[in-house]
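Colleague: Take this structure, written in structure tokens, and hold onto it; I'll ask about it next.
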Amino acid sequence: MCCGKNRQLARNTTDQSRPVSASPSPVAPTSAVFQYHGHSEMVVIGPVSGRAYRFGGPGSRVEVDPRDRAFLGSLLIFAG
């Protein structure tokens, strides 16, 4: 064997013997709770999930899909 083949063999062995570390994936929250501060009942459609969120009146709380959180949070009548 010539030197080039030995280096390639050593490189392949080294690559296979290194442990593979899994990087932790970020965990998305399963839901977010929003409280309504309006004056009457309101229904909001989540733009990402397509879910309808019904807020029965002032102070009502509704569990919201985390994908819709940014949208509902941008509305001034909700607190999340």
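Residues in the structure tokens are numbered from 1 in each chain, the chains being A, B, ... in the order shown, and ligands are numbered from 1 in the order shown.
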So that I can see what lies close to Gly46 in chain A, please list as a ChimeraX atom specification the residues with an atom at most 12 Å from it, counting only C-alpha atoms and leaving out residues fewer than 4 positions away in the same chain.
Modeller: /A:50-54,63-73,75
Colleague: Produce a file of the selected residues containing all heavy atoms, as a compact mmCIF listing (two decimals), in the first residue's frame.
Modeller:
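In the end it all went to out.txt:
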# COMPACT_ATOMS: atom_id res chain seq x y z
N GLY A 50 -55.56 27.97 11.65
CA GLY A 50 -56.93 27.98 11.13
C GLY A 50 -57.98 27.74 12.20
O GLY A 50 -59.17 27.68 11.90
N ARG A 51 -57.56 27.62 13.45
CA ARG A 51 -58.50 27.38 14.55
C ARG A 51 -59.27 28.64 14.89
O ARG A 51 -58.77 29.75 14.78
CB ARG A 51 -57.74 26.92 15.80
CG ARG A 51 -57.20 25.52 15.69
CD ARG A 51 -56.54 25.07 16.96
NE ARG A 51 -57.43 25.19 18.10
CZ ARG A 51 -57.06 25.08 19.36
NH1 ARG A 51 -55.79 24.84 19.66
NH2 ARG A 51 -57.91 25.19 20.34
N ALA A 52 -60.52 28.44 15.32
CA ALA A 52 -61.35 29.55 15.78
C ALA A 52 -61.24 29.61 17.30
O ALA A 52 -61.46 28.62 17.99
CB ALA A 52 -62.80 29.34 15.36
N TYR A 53 -60.89 30.78 17.82
CA TYR A 53 -60.77 30.99 19.26
C TYR A 53 -61.93 31.88 19.70
O TYR A 53 -62.04 33.01 19.26
CB TYR A 53 -59.42 31.64 19.60
CG TYR A 53 -58.24 30.83 19.11
CD1 TYR A 53 -57.48 31.26 18.04
CD2 TYR A 53 -57.90 29.63 19.73
CE1 TYR A 53 -56.39 30.51 17.59
CE2 TYR A 53 -56.81 28.88 19.29
CZ TYR A 53 -56.07 29.32 18.22
OH TYR A 53 -55.00 28.59 17.78
N ARG A 54 -62.78 31.34 20.58
CA ARG A 54 -63.95 32.09 21.04
C ARG A 54 -63.68 32.64 22.44
O ARG A 54 -63.44 31.90 23.38
CB ARG A 54 -65.18 31.18 21.09
CG ARG A 54 -66.42 31.90 21.53
CD ARG A 54 -67.61 30.93 21.63
NE ARG A 54 -68.72 31.59 22.26
CZ ARG A 54 -68.91 31.67 23.57
NH1 ARG A 54 -68.05 31.12 24.41
NH2 ARG A 54 -69.95 32.30 24.06
N GLU A 63 -57.02 28.85 25.52
CA GLU A 63 -55.76 28.20 25.18
C GLU A 63 -55.58 28.31 23.67
O GLU A 63 -56.49 27.99 22.90
CB GLU A 63 -55.81 26.74 25.61
CG GLU A 63 -54.48 26.06 25.61
CD GLU A 63 -54.55 24.69 26.26
OE1 GLU A 63 -55.27 24.52 27.25
OE2 GLU A 63 -53.87 23.80 25.74
N VAL A 64 -54.40 28.76 23.24
CA VAL A 64 -54.13 29.06 21.84
C VAL A 64 -52.96 28.22 21.34
O VAL A 64 -51.99 27.99 22.06
CB VAL A 64 -53.81 30.57 21.70
CG1 VAL A 64 -53.35 30.92 20.30
CG2 VAL A 64 -55.01 31.41 22.10
N ASP A 65 -53.07 27.77 20.10
CA ASP A 65 -51.98 27.05 19.45
C ASP A 65 -50.74 27.96 19.43
O ASP A 65 -50.85 29.14 19.08
CB ASP A 65 -52.41 26.70 18.02
CG ASP A 65 -51.41 25.83 17.28
OD1 ASP A 65 -50.24 26.25 17.14
OD2 ASP A 65 -51.81 24.75 16.83
N PRO A 66 -49.56 27.44 19.79
CA PRO A 66 -48.38 28.30 19.84
C PRO A 66 -48.02 28.94 18.50
O PRO A 66 -47.39 29.99 18.46
CB PRO A 66 -47.26 27.37 20.33
CG PRO A 66 -47.77 26.00 20.13
CD PRO A 66 -49.26 26.07 20.19
N ARG A 67 -48.46 28.34 17.41
CA ARG A 67 -48.17 28.93 16.09
C ARG A 67 -48.96 30.20 15.86
O ARG A 67 -48.59 31.03 15.04
CB ARG A 67 -48.47 27.91 14.99
CG ARG A 67 -47.58 26.66 15.09
CD ARG A 67 -48.02 25.60 14.13
NE ARG A 67 -49.37 25.12 14.50
CZ ARG A 67 -50.14 24.38 13.71
NH1 ARG A 67 -49.72 24.02 12.51
NH2 ARG A 67 -51.32 23.98 14.12
N ASP A 68 -50.07 30.38 16.57
CA ASP A 68 -50.90 31.58 16.43
C ASP A 68 -50.56 32.63 17.49
O ASP A 68 -51.14 33.72 17.50
CB ASP A 68 -52.39 31.22 16.54
CG ASP A 68 -52.85 30.33 15.41
OD1 ASP A 68 -52.35 30.50 14.28
OD2 ASP A 68 -53.72 29.48 15.64
N ARG A 69 -49.63 32.33 18.37
CA ARG A 69 -49.30 33.21 19.50
C ARG A 69 -48.87 34.61 19.05
O ARG A 69 -49.34 35.60 19.60
CB ARG A 69 -48.19 32.58 20.32
CG ARG A 69 -47.71 33.49 21.44
CD ARG A 69 -46.45 33.00 22.06
NE ARG A 69 -46.77 32.00 23.04
CZ ARG A 69 -45.86 31.27 23.65
NH1 ARG A 69 -44.59 31.43 23.37
NH2 ARG A 69 -46.20 30.39 24.55
N ALA A 70 -48.01 34.71 18.07
CA ALA A 70 -47.51 36.02 17.63
C ALA A 70 -48.66 36.89 17.11
O ALA A 70 -48.72 38.08 17.40
CB ALA A 70 -46.45 35.86 16.56
N PHE A 71 -49.57 36.29 16.36
CA PHE A 71 -50.69 37.05 15.82
C PHE A 71 -51.59 37.58 16.93
O PHE A 71 -51.89 38.78 16.99
CB PHE A 71 -51.50 36.20 14.84
CG PHE A 71 -52.76 36.86 14.38
CD1 PHE A 71 -52.71 37.92 13.49
CD2 PHE A 71 -54.00 36.45 14.83
CE1 PHE A 71 -53.87 38.56 13.06
CE2 PHE A 71 -55.16 37.06 14.42
CZ PHE A 71 -55.10 38.12 13.53
N LEU A 72 -52.04 36.70 17.84
CA LEU A 72 -52.91 37.15 18.92
C LEU A 72 -52.19 38.14 19.82
O LEU A 72 -52.80 39.09 20.31
CB LEU A 72 -53.44 35.97 19.72
CG LEU A 72 -54.80 35.45 19.23
CD1 LEU A 72 -54.68 34.74 17.92
CD2 LEU A 72 -55.47 34.61 20.27
N GLY A 73 -50.90 37.94 20.03
CA GLY A 73 -50.13 38.86 20.85
C GLY A 73 -50.01 40.24 20.25
O GLY A 73 -49.81 41.23 20.96
N LEU A 75 -52.44 41.81 18.80
CA LEU A 75 -53.71 42.50 18.97
C LEU A 75 -53.77 43.11 20.37
O LEU A 75 -53.49 42.44 21.36
CB LEU A 75 -54.88 41.53 18.76
CG LEU A 75 -54.89 40.82 17.40
CD1 LEU A 75 -56.01 39.78 17.37
CD2 LEU A 75 -55.06 41.82 16.28
Colleague: Between CA of Met42 in chain A and CA of Pro58 in chain A, what is the distance in Å, rounded to a tenth?
Modeller: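 Computed distance, CA of Met42 in chain A to CA of Pro58 in chain A, equals 9.6 Å.
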Colleague: Which distance in Å separates CA of Gly56 in chain A and CA of Leu76 in chain A, to one decimal?
Modeller: 16.9 Å
Colleague: What gap, in Å, lies between CA of His37 in chain A and CA of Ser49 in chain A?
Modeller: 22.5 Å
